file protein20.txt (compact mmCIF, C-alpha atoms and all ligand atoms)
# COMPACT_ATOMS: atom_id res chain seq x y z
CA MET H 113 -9.30 -19.35 31.90
CA PRO H 114 -9.82 -15.59 32.36
CA GLY H 115 -8.10 -13.86 35.25
CA PHE H 116 -10.70 -11.08 35.15
CA GLU H 117 -13.00 -13.36 37.08
CA ARG H 118 -10.73 -12.83 40.04
CA PHE H 119 -9.98 -9.08 40.00
CA GLY H 120 -9.59 -7.84 43.55
CA ASP H 121 -7.67 -5.69 46.01
CA LEU H 122 -4.23 -6.59 44.62
CA GLU H 123 -5.16 -5.21 41.19
CA ARG H 124 -6.76 -2.11 42.74
CA GLU H 125 -3.68 -1.36 44.88
CA GLU H 126 -1.27 -1.61 41.96
CA LEU H 127 -3.48 0.59 39.78
CA GLN H 128 -3.95 3.16 42.51
CA ASP H 129 -0.18 3.33 42.92
CA VAL H 130 0.22 4.34 39.26
CA LEU H 131 -2.56 6.91 39.46
CA ASP H 132 -1.13 8.40 42.66
CA ASN H 133 2.22 8.89 40.94
CA GLY H 134 0.68 10.06 37.69
CA ILE H 135 3.26 8.56 35.30
CA LEU H 136 1.42 6.30 32.88
CA MET H 137 4.40 5.91 30.51
CA ARG H 138 6.71 2.95 31.05
CA TYR H 139 9.92 4.71 29.93
CA GLY H 140 11.48 7.99 30.97
CA PHE H 141 10.20 10.67 33.37
CA ASP H 142 12.75 9.28 35.84
CA GLY H 143 12.69 12.34 38.09
CA MET H 144 8.92 12.41 38.43
CA ARG H 145 8.06 8.76 39.03
CA ASN H 146 9.41 8.29 42.55
CA GLY H 147 10.96 4.95 41.62
CA HIS H 148 7.71 3.42 40.35
CA TRP H 149 8.32 1.17 37.35
CA LYS H 150 5.39 -1.26 36.95
CA ALA H 151 6.37 -2.54 33.50
CA LYS H 152 9.96 -3.21 34.61
CA GLU H 153 8.70 -4.99 37.73
CA LEU H 154 6.32 -7.11 35.69
CA GLU H 155 9.20 -8.05 33.33
CA GLU H 156 11.16 -9.26 36.37
CA GLU H 157 8.18 -11.31 37.56
CA LEU H 158 7.78 -12.83 34.09
CA LYS H 159 11.46 -13.84 33.99
CA THR H 160 11.03 -15.69 37.28
CA SER H 161 7.66 -17.21 36.49
CA LEU H 162 8.59 -18.25 32.94
CA GLU H 163 12.15 -19.28 33.84
CA CYS H 164 13.85 -17.28 31.11
CA ASP H 165 16.69 -14.75 30.89
CA TYR H 166 14.80 -11.89 29.21
CA ALA H 167 11.23 -10.60 29.00
CA GLN H 168 9.98 -7.63 26.96
CA LEU H 169 6.45 -6.39 27.54
CA VAL H 170 4.50 -5.14 24.53
CA SER H 171 1.02 -3.79 23.79
CA ASN H 172 -0.70 -7.13 23.09
CA GLY H 173 -0.15 -10.74 22.03
CA THR H 174 -0.45 -9.99 18.32
CA SER H 175 2.33 -7.40 18.51
CA ALA H 176 4.35 -9.86 20.64
CA VAL H 177 4.38 -12.24 17.66
CA SER H 178 5.40 -9.49 15.22
CA VAL H 179 8.08 -8.20 17.61
CA ALA H 180 9.45 -11.71 18.22
CA LEU H 181 9.76 -12.43 14.49
CA ALA H 182 11.24 -9.00 13.69
CA SER H 183 13.73 -9.32 16.56
CA ALA H 184 15.14 -12.44 14.98
CA GLY H 185 15.32 -10.78 11.57
CA VAL H 186 12.24 -12.28 9.87
CA GLY H 187 10.83 -9.95 7.22
CA ALA H 188 9.85 -9.38 3.59
CA GLY H 189 9.71 -12.54 1.50
CA ASP H 190 10.56 -14.93 4.36
CA GLU H 191 8.21 -17.86 4.85
CA VAL H 192 6.90 -18.60 8.33
CA ILE H 193 5.26 -21.99 8.87
CA MET H 194 2.17 -21.81 11.11
CA PRO H 195 -0.72 -24.14 12.00
CA THR H 196 -4.20 -24.24 10.44
CA PHE H 197 -5.71 -24.05 13.92
CA THR H 198 -4.80 -20.88 15.83
CA PHE H 199 -6.12 -17.37 16.29
CA VAL H 200 -6.15 -14.94 13.31
CA ALA H 201 -3.39 -13.01 15.10
CA SER H 202 -0.84 -15.57 13.85
CA PHE H 203 -1.10 -14.68 10.18
CA GLU H 204 -1.75 -10.97 10.89
CA ALA H 205 1.52 -10.73 12.81
CA ILE H 206 3.44 -12.43 9.98
CA LEU H 207 1.85 -10.36 7.20
CA LEU H 208 2.59 -7.11 9.06
CA LEU H 209 6.31 -7.73 8.50
CA GLY H 210 5.86 -8.52 4.82
CA ALA H 211 6.62 -12.18 5.56
CA ILE H 212 4.58 -15.05 4.12
CA PRO H 213 2.39 -17.31 6.27
CA VAL H 214 2.57 -20.96 5.16
CA LEU H 215 -0.20 -22.98 6.74
CA VAL H 216 0.29 -26.64 7.60
CA ASP H 217 -1.71 -29.41 9.27
CA ILE H 218 -2.11 -30.06 12.95
CA ASP H 219 -2.17 -33.52 14.54
CA ASP H 220 -4.02 -35.05 17.50
CA THR H 221 -2.23 -32.68 19.90
CA LEU H 222 -4.20 -29.89 18.13
CA GLY H 223 -0.75 -28.36 17.49
CA LEU H 224 1.62 -28.33 14.50
CA ASP H 225 2.39 -31.75 13.03
CA ALA H 226 6.20 -31.97 12.77
CA LYS H 227 5.98 -34.22 9.67
CA ALA H 228 3.73 -31.71 7.90
CA VAL H 229 6.14 -28.93 8.88
CA GLU H 230 9.11 -30.74 7.38
CA LYS H 231 7.24 -31.25 4.09
CA ALA H 232 6.43 -27.53 3.86
CA ILE H 233 10.02 -26.31 4.21
CA THR H 234 11.41 -24.43 1.18
CA PRO H 235 14.60 -22.40 0.67
CA LYS H 236 12.57 -19.34 1.76
CA THR H 237 11.50 -20.81 5.11
CA LYS H 238 12.94 -18.80 7.98
CA ALA H 239 10.84 -19.73 11.00
CA VAL H 240 8.35 -22.20 12.40
CA MET H 241 5.69 -20.71 14.62
CA VAL H 242 4.13 -23.27 16.92
CA VAL H 243 0.90 -22.24 18.65
CA GLN H 244 0.18 -23.88 22.00
CA MET H 245 -3.58 -23.87 21.60
CA CYS H 246 -6.14 -24.19 24.38
CA GLY H 247 -3.75 -24.70 27.26
CA SER H 248 -1.80 -27.63 25.83
CA MET H 249 1.09 -28.11 23.44
CA ALA H 250 2.40 -29.55 20.21
CA ASN H 251 5.08 -32.23 20.19
CA MET H 252 7.95 -29.87 20.98
CA THR H 253 10.69 -32.51 20.79
CA ALA H 254 9.78 -33.39 17.20
CA LEU H 255 9.40 -29.74 16.20
CA SER H 256 12.68 -28.71 17.83
CA GLN H 257 14.43 -31.52 15.94
CA VAL H 258 13.01 -30.39 12.58
CA CYS H 259 14.00 -26.78 13.27
CA LYS H 260 17.50 -27.76 14.32
CA LYS H 261 17.99 -30.01 11.30
CA HIS H 262 16.93 -27.27 8.88
CA ASN H 263 18.43 -24.38 10.83
CA LEU H 264 15.08 -22.66 11.37
CA LEU H 265 13.96 -20.34 14.10
CA LEU H 266 11.33 -21.83 16.46
CA VAL H 267 8.88 -19.23 17.76
CA GLU H 268 6.32 -20.30 20.36
CA ASP H 269 2.96 -18.58 20.60
CA ALA H 270 1.98 -19.52 24.15
CA CYS H 271 -0.75 -16.87 24.43
CA GLN H 272 -3.33 -19.51 25.44
CA ALA H 273 -1.05 -21.68 27.54
CA ILE H 274 0.65 -19.64 30.26
CA GLY H 275 1.54 -22.00 33.11
CA GLY H 276 1.70 -25.14 30.95
CA ARG H 277 4.97 -27.08 30.93
CA TYR H 278 6.89 -29.48 28.71
CA ASN H 279 9.77 -31.61 29.99
CA ASP H 280 9.81 -29.37 33.03
CA LYS H 281 10.15 -26.12 31.12
CA PRO H 282 7.41 -23.47 30.95
CA LEU H 283 5.63 -23.32 27.59
CA GLY H 284 6.94 -20.26 25.75
CA SER H 285 10.49 -20.85 27.01
CA ILE H 286 11.26 -23.83 24.77
CA GLY H 287 11.56 -22.15 21.37
CA ASP H 288 14.05 -19.40 20.47
CA LEU H 289 11.40 -16.83 21.39
CA GLY H 290 8.05 -17.15 23.17
CA CYS H 291 4.98 -14.93 22.94
CA PHE H 292 2.24 -14.22 25.49
CA SER H 293 -1.00 -12.26 25.54
CA PHE H 294 -2.63 -10.62 28.55
CA ASP H 295 -5.77 -9.58 26.70
CA PHE H 296 -9.09 -9.52 28.47
CA VAL H 297 -9.95 -13.21 28.07
CA LYS H 298 -6.56 -14.73 28.82
CA THR H 299 -5.51 -16.56 32.01
CA VAL H 300 -3.43 -13.58 33.14
CA THR H 301 -5.08 -10.39 31.95
CA CYS H 302 -4.42 -6.68 32.13
CA GLY H 303 -6.98 -5.60 29.51
CA GLU H 304 -4.46 -5.34 26.67
CA GLY H 305 -0.88 -6.49 26.93
CA GLY H 306 1.67 -9.03 25.75
CA ALA H 307 5.22 -10.23 26.22
CA VAL H 308 8.13 -11.67 24.28
CA ILE H 309 10.49 -13.92 26.20
CA THR H 310 13.86 -15.35 25.16
CA ASN H 311 17.24 -16.52 26.43
CA ASN H 312 18.98 -14.78 23.52
CA LYS H 313 20.38 -11.39 24.50
CA GLU H 314 20.51 -10.03 20.97
CA TYR H 315 16.86 -10.90 20.27
CA TYR H 316 15.91 -9.28 23.57
CA ILE H 317 17.75 -6.03 22.83
CA ASN H 318 16.15 -5.97 19.39
CA ALA H 319 12.69 -6.51 20.92
CA ASP H 320 13.32 -3.76 23.49
CA HIS H 321 14.29 -1.21 20.83
CA PHE H 322 11.88 -2.31 18.09
CA SER H 323 8.80 -2.08 20.31
CA ASP H 324 9.62 1.56 21.19
CA HIS H 325 10.42 3.36 17.91
CA GLY H 326 13.95 1.96 17.84
CA HIS H 327 14.95 3.83 21.05
CA ASP H 328 18.19 2.46 22.53
CA HIS H 329 17.04 2.98 26.17
CA GLU H 330 20.59 4.02 27.18
CA GLY H 331 20.98 6.44 30.09
CA ASN H 332 18.16 8.34 31.79
CA ASP H 333 17.52 11.15 29.31
CA ARG H 334 14.95 9.90 26.82
CA GLY H 335 15.53 12.95 24.60
CA ALA H 336 19.21 12.08 24.20
CA GLU H 337 18.66 8.44 23.18
CA THR H 338 19.66 7.30 19.71
CA HIS H 339 17.83 5.01 17.29
CA PRO H 340 20.10 2.21 16.08
CA PHE H 341 17.34 0.98 13.72
CA LEU H 342 13.69 1.48 12.74
CA GLY H 343 10.97 0.59 15.17
CA TYR H 344 7.28 1.05 15.93
CA ASN H 345 5.22 1.74 19.00
CA PHE H 346 4.17 -1.54 20.57
CA ARG H 347 4.60 -0.29 24.15
CA ILE H 348 2.52 -1.31 27.15
CA SER H 349 1.37 1.42 29.55
CA GLU H 350 2.06 1.53 33.29
CA LEU H 351 -1.70 1.21 33.94
CA HIS H 352 -1.87 -2.08 32.08
CA ALA H 353 1.40 -3.33 33.56
CA ALA H 354 0.12 -2.57 37.07
CA VAL H 355 -2.88 -4.88 36.61
CA GLY H 356 -0.61 -7.50 35.02
CA LEU H 357 1.73 -7.32 38.00
CA ALA H 358 -1.10 -8.14 40.40
CA GLN H 359 -2.34 -10.92 38.15
CA ILE H 360 0.98 -12.70 37.51
CA LYS H 361 1.43 -13.10 41.26
CA ARG H 362 -1.87 -15.00 41.31
CA LEU H 363 -1.00 -17.36 38.43
CA PRO H 364 -0.26 -20.36 40.73
CA GLU H 365 -3.71 -19.89 42.33
CA PHE H 366 -5.39 -19.66 38.88
CA LEU H 367 -3.60 -22.81 37.66
CA GLU H 368 -4.67 -24.79 40.70
CA VAL H 369 -8.34 -23.88 40.22
CA GLN H 370 -8.18 -24.63 36.49
CA LYS H 371 -6.69 -28.07 37.09
CA LYS H 372 -9.28 -28.92 39.74
CA ASN H 373 -12.21 -27.90 37.51
CA TYR H 374 -10.74 -29.60 34.43
CA THR H 375 -10.19 -32.85 36.32
CA ILE H 376 -13.84 -33.10 37.41
CA LEU H 377 -15.07 -32.59 33.81
CA ARG H 378 -12.54 -35.02 32.39
CA GLU H 379 -13.28 -37.79 34.89
CA THR H 380 -17.00 -37.58 34.15
CA LEU H 381 -16.62 -37.56 30.35
CA SER H 382 -14.11 -40.43 30.53
CA GLU H 383 -17.08 -42.61 31.48
CA ILE H 384 -18.34 -42.33 27.86
CA PRO H 385 -16.42 -44.75 25.58
CA GLU H 386 -17.16 -42.69 22.42
CA VAL H 387 -15.44 -39.61 23.84
CA THR H 388 -11.67 -39.41 23.28
CA PHE H 389 -9.15 -36.76 24.30
CA ARG H 390 -6.46 -34.70 22.62
CA THR H 391 -2.98 -36.14 22.96
CA VAL H 392 -0.77 -34.33 25.42
CA PRO H 393 2.83 -35.12 24.41
CA LYS H 394 4.83 -37.23 26.86
CA GLY H 395 6.46 -34.92 29.39
CA GLY H 396 3.72 -32.33 28.94
CA GLU H 397 1.56 -30.72 31.63
CA GLU H 398 -1.40 -28.68 30.41
CA SER H 399 -2.26 -25.29 31.89
CA TYR H 400 -5.84 -26.60 32.05
CA ALA H 401 -7.21 -23.31 30.71
CA PHE H 402 -9.46 -25.35 28.38
CA PHE H 403 -10.86 -28.84 28.20
CA ASN H 404 -10.74 -30.43 24.74
CA PHE H 405 -12.22 -33.70 23.58
CA PHE H 406 -13.18 -35.45 20.35
CA MET H 407 -16.54 -36.87 19.25
CA PRO H 408 -16.67 -39.77 16.75
CA ASP H 409 -17.50 -37.54 13.75
CA VAL H 410 -18.31 -33.96 12.66
CA GLU H 411 -22.07 -34.46 12.68
CA ILE H 412 -22.11 -35.84 16.22
CA ALA H 413 -19.85 -32.96 17.33
CA ARG H 414 -22.32 -30.43 15.86
CA LYS H 415 -25.24 -32.26 17.47
CA THR H 416 -23.44 -32.25 20.81
CA ILE H 417 -22.93 -28.47 20.67
CA GLU H 418 -26.69 -28.06 20.05
CA ALA H 419 -27.46 -30.47 22.90
CA PHE H 420 -25.14 -28.47 25.19
CA LYS H 421 -27.26 -25.38 24.46
CA ASP H 422 -30.45 -27.31 25.30
CA HIS H 423 -28.89 -28.53 28.55
CA GLY H 424 -27.68 -25.04 29.53
CA VAL H 425 -23.96 -25.78 29.06
CA ASP H 426 -22.23 -22.60 27.86
CA ALA H 427 -18.62 -21.75 26.88
CA CYS H 428 -18.08 -24.80 24.63
CA TRP H 429 -17.30 -24.61 20.90
CA ASN H 430 -16.61 -26.62 17.82
CA TYR H 431 -14.01 -24.58 15.91
CA PHE H 432 -14.82 -26.18 12.54
CA ASP H 433 -17.50 -23.61 11.71
CA ASN H 434 -15.76 -20.68 13.38
CA ASN H 435 -14.04 -17.91 11.39
CA TRP H 436 -11.61 -16.76 14.09
CA HIS H 437 -9.62 -19.89 14.78
CA TYR H 438 -9.66 -22.30 11.87
CA VAL H 439 -8.47 -22.09 8.25
CA ARG H 440 -11.73 -23.41 6.73
CA LYS H 441 -13.53 -20.06 7.19
CA TRP H 442 -10.58 -17.65 6.86
CA ASN H 443 -11.91 -16.30 3.58
CA HIS H 444 -10.51 -12.81 4.10
CA LEU H 445 -7.05 -14.37 4.29
CA LYS H 446 -7.50 -16.80 1.38
CA ASP H 447 -9.00 -14.03 -0.79
CA ALA H 448 -6.15 -11.64 0.21
CA LYS H 449 -8.68 -8.96 1.20
CA SER H 450 -6.36 -6.15 2.22
CA LEU H 451 -6.92 -2.40 2.60
CA TYR H 452 -3.48 -1.77 1.12
CA PRO H 453 -1.59 -3.57 -1.65
CA LEU H 454 0.14 -6.79 -0.63
CA SER H 455 3.41 -7.94 -2.21
CA LYS H 456 3.29 -10.37 -5.15
CA ASP H 457 4.98 -13.04 -3.01
CA ILE H 458 2.21 -12.85 -0.44
CA LYS H 459 -0.59 -12.75 -3.02
CA ASP H 460 0.81 -15.82 -4.78
CA ALA H 461 1.06 -17.70 -1.48
CA LEU H 462 -2.50 -16.81 -0.48
CA ASN H 463 -3.78 -17.82 -3.90
CA LEU H 464 -2.15 -21.23 -3.40
CA LEU H 465 -3.66 -21.45 0.08
CA SER H 466 -7.17 -20.76 -1.25
CA LYS H 467 -6.91 -23.92 -3.38
CA LYS H 468 -5.57 -26.13 -0.61
CA THR H 469 -7.47 -28.63 1.53
CA PHE H 470 -6.40 -29.79 4.95
CA THR H 471 -8.03 -33.19 5.44
CA GLN H 472 -5.87 -34.10 8.43
CA SER H 473 -6.72 -30.86 10.26
CA ASP H 474 -10.42 -31.25 9.34
CA HIS H 475 -10.30 -34.74 10.84
CA TYR H 476 -9.34 -33.32 14.24
CA ILE H 477 -11.01 -29.90 14.30
CA GLY H 478 -14.27 -31.24 12.83
CA ARG H 479 -14.66 -33.64 15.76
CA ASN H 480 -13.20 -31.45 18.48
CA ILE H 481 -15.14 -29.73 21.22
CA SER H 482 -13.32 -27.12 23.24
CA CYS H 483 -14.63 -25.83 26.57
CA LEU H 484 -13.41 -22.87 28.56
CA ILE H 485 -12.48 -23.61 32.16
CA LYS H 486 -13.69 -20.82 34.40
CA LEU H 487 -12.12 -19.77 37.67
CA SER H 488 -15.36 -18.59 39.22
CA TRP H 489 -17.21 -21.93 39.24
CA THR H 490 -17.91 -23.51 42.60
CA GLU H 491 -17.25 -27.24 42.92
CA GLU H 492 -21.02 -27.86 42.93
CA GLU H 493 -21.32 -25.88 39.67
CA VAL H 494 -18.54 -27.89 38.01
CA ARG H 495 -20.11 -31.19 39.09
CA SER H 496 -23.53 -30.13 37.84
CA ARG H 497 -21.95 -28.97 34.55
CA ALA H 498 -20.16 -32.31 34.19
CA ARG H 499 -23.48 -34.17 34.64
CA LYS H 500 -25.25 -31.97 32.08
CA MET H 501 -22.41 -32.42 29.59
CA LYS H 502 -22.57 -36.18 29.98
CA GLU H 503 -26.35 -36.22 29.46
CA ALA H 504 -26.07 -33.97 26.40
CA ILE H 505 -23.35 -36.14 24.85
CA LEU H 506 -25.28 -39.36 25.46
CA SER H 507 -28.34 -37.82 23.78
CA SER H 508 -26.23 -36.95 20.70
CA LEU H 509 -24.68 -40.37 20.08
C1 LIG Y 1 -5.08 -14.06 22.11
C2 LIG Y 1 -4.13 -14.67 21.17
C3 LIG Y 1 -3.23 -13.90 20.42
C4 LIG Y 1 -3.28 -12.43 20.36
O1 LIG Y 1 -3.28 -11.76 21.54
P1 LIG Y 1 -3.91 -10.30 21.67
O2 LIG Y 1 -3.34 -9.83 22.97
O3 LIG Y 1 -5.40 -10.45 21.72
O4 LIG Y 1 -3.44 -9.50 20.52
C5 LIG Y 1 -2.30 -14.56 19.63
N1 LIG Y 1 -2.27 -15.89 19.55
C6 LIG Y 1 -3.14 -16.67 20.24
C7 LIG Y 1 -3.03 -18.15 20.12
C8 LIG Y 1 -4.10 -16.08 21.04
O5 LIG Y 1 -4.99 -16.86 21.67
call {"tool": "encode", "arguments": {"input": "protein20.txt", "output": "structure tokens"}}
result
Amino acid sequence: MPGFERFGDLEREELQDVLDNGILMRYGFDGMRNGHWKAKELEEELKTSLECDYAQLVSNGTSAVSVALASAGVGAGDEVIMPTFTFVASFEAILLLGAIPVLVDIDDTLGLDAKAVEKAITPKTKAVMVVQMCGSMANMTALSQVCKKHNLLLVEDACQAIGGRYNDKPLGSIGDLGCFSFDFVKTVTCGEGGAVITNNKEYYINADHFSDHGHDHEGNDRGAETHPFLGYNFRISELHAAVGLAQIKRLPEFLEVQKKNYTILRETLSEIPEVTFRTVPKGGEESYAFFNFFMPDVEIARKTIEAFKDHGVDACWNYFDNNWHYVRKWNHLKDAKSLYPLSKDIKDALNLLSKKTFTQSDHYIGRNISCLIKLSWTEEEVRSRARKMKEAILSSL
């Protein structure tokens, strides 16, 4: 998954170019920057690579989600439906706007279950945020239908799935807005960075202004710009954008290596009848950033993780007992532990959440094992890993 495994001359050249020119800020300083605009160039590359009309870079993937929601007018008191299995960033980004996260079950895709989404809709629901976890995707046709029927915004968090496709469209470009992260462990990395993509001009203009203090970015005198509305600083720097620019050009190469490594692991584990795989919706093509499979039950999954350690297999997890990615251990969220007062709406919703159980999600996450696919493995290393994984699984059954 992580592009940092392949840092090289391209990244160094782009970075050196920024340092040689000395302008680390993505906006303004037009006279001093000798025509060097790394962030703007990266936005152009993203539009091509992600086949969308508009791309706005931001400081990270978490701010991308906040900016995407704000750009479409989601705010105080609005409910945003999100999955029980994601990264903590999902609810953080919603809460930041004063909106209310409403958690619902996932299905065997490890993404939002459209039926569970439909049941959770209330008059306050404004948006559905689907998270394309671990390089694959939820059933986007079913989710798009639910959103259309109920006139809801569909926001796609594709932070973990850059390069994946559904019905021949890049993940992230299917919903009304898509979000990406280029943090240190993502497929395309620049240390810290993110992007919002959309085909909606109004959302794009809002994202452009909102992520830079509400600046209108008209003309070439930053001091003379006006502020049509409130904003914050979620800008990316030229240094980060420079590394991102080198990395995005290498995405096809990264995807090819991921797929090759994934395929070797999958073919070997397919020889074990007790091992099953997450459903990839028809028309879907994973990014192959991760390899996910199911064991027959929670206990066997836990035993397998222990056996992996004994067999020297690293970078594999069971998210059931993890407090970053799954609702079961998000006690700070359920207990509304906040430094500053939260609104009554939010507190009531979190109180309800703390009493809720998610048996369907537990059924999938409890049995799931998720393994990172690295770019740096040699073929011999992947084959040896596949053998060790198979041995460890057989010893756990
Ligand atoms: C990484 C990630 C984010 C947040 O991205 P950052 O750049 O680390 O803020 C959001 N959602 C998902 C699914 C992620 O994996």
call {"tool": "residues_near_point", "arguments": {"input": "protein20.txt", "point": "(-4.7, -3.0, 36.0)", "cutoff": "10 Å", "atoms": "all atoms listed in the file", "output": "ChimeraX atom specification"}}
result
/H:119,122-128,130,301-304,349-359
call {"tool": "write_last_selection", "arguments": {"input": "protein20.txt", "atoms": "C-alpha atoms", "output": "PDB file, in the coordinates of the input"}}
result
ATOM      1  CA  PHE H 119      -9.980  -9.080  40.000  1.00  0.00           C
ATOM      2  CA  LEU H 122      -4.230  -6.590  44.620  1.00  0.00           C
ATOM      3  CA  GLU H 123      -5.160  -5.210  41.190  1.00  0.00           C
ATOM      4  CA  ARG H 124      -6.760  -2.110  42.740  1.00  0.00           C
ATOM      5  CA  GLU H 125      -3.680  -1.360  44.880  1.00  0.00           C
ATOM      6  CA  GLU H 126      -1.270  -1.610  41.960  1.00  0.00           C
ATOM      7  CA  LEU H 127      -3.480   0.590  39.780  1.00  0.00           C
ATOM      8  CA  GLN H 128      -3.950   3.160  42.510  1.00  0.00           C
ATOM      9  CA  VAL H 130       0.220   4.340  39.260  1.00  0.00           C
ATOM     10  CA  THR H 301      -5.080 -10.390  31.950  1.00  0.00           C
ATOM     11  CA  CYS H 302      -4.420  -6.680  32.130  1.00  0.00           C
ATOM     12  CA  GLY H 303      -6.980  -5.600  29.510  1.00  0.00           C
ATOM     13  CA  GLU H 304      -4.460  -5.340  26.670  1.00  0.00           C
ATOM     14  CA  SER H 349       1.370   1.420  29.550  1.00  0.00           C
ATOM     15  CA  GLU H 350       2.060   1.530  33.290  1.00  0.00           C
ATOM     16  CA  LEU H 351      -1.700   1.210  33.940  1.00  0.00           C
ATOM     17  CA  HIS H 352      -1.870  -2.080  32.080  1.00  0.00           C
ATOM     18  CA  ALA H 353       1.400  -3.330  33.560  1.00  0.00           C
ATOM     19  CA  ALA H 354       0.120  -2.570  37.070  1.00  0.00           C
ATOM     20  CA  VAL H 355      -2.880  -4.880  36.610  1.00  0.00           C
ATOM     21  CA  GLY H 356      -0.610  -7.500  35.020  1.00  0.00           C
ATOM     22  CA  LEU H 357       1.730  -7.320  38.000  1.00  0.00           C
ATOM     23  CA  ALA H 358      -1.100  -8.140  40.400  1.00  0.00           C
ATOM     24  CA  GLN H 359      -2.340 -10.920  38.150  1.00  0.00           C
TER      25      GLN H 359
END
call {"tool": "residues_near_ligand", "arguments": {"input": "protein20.txt", "ligand": "ligand LIG 1 (chain Y)", "cutoff": "10 Å", "atoms": "only C-alpha atoms and all ligand atoms", "output": "ChimeraX atom specification"}}
result
/H:170-177,197-205,242-247,268-273,291-298,301-307,437
call {"tool": "closest_residue", "arguments": {"input": "protein20.txt", "among": "H:Ser508, H:Ala319, H:Ser473, H:Phe141", "to": "Lys415 of chain H", "atoms": "all atoms listed in the file"}}
result
H:Ser508
call {"tool": "closest_residue", "arguments": {"input": "protein20.txt", "among": "H:Leu451, H:Val439, H:Ala226, H:Leu169", "to": "Lys467 of chain H", "atoms": "all atoms listed in the file"}}
result
H:Val439
call {"tool": "residues_near_point", "arguments": {"input": "protein20.txt", "point": "(-3.4, -28.1, 10.0)", "cutoff": "8 Å", "atoms": "all atoms listed in the file", "output": "NGL selection string"}}
result
:H and (195-197 or 215-219 or 223-225 or 470 or 472-474)
call {"tool": "atom_distance", "arguments": {"input": "protein20.txt", "atom1": "atom CA of Thr237 of chain H", "atom2": "atom CA of Val186 of chain H"}}
result
9.8 Å
call {"tool": "atom_distance", "arguments": {"input": "protein20.txt", "atom1": "atom CA of Val369 of chain H", "atom2": "atom CA of Glu397 of chain H"}}
result
14.8 Å
call {"tool": "atom_distance", "arguments": {"input": "protein20.txt", "atom1": "atom CA of Gly478 of chain H", "atom2": "atom CA of Arg414 of chain H"}}
result
8.6 Å
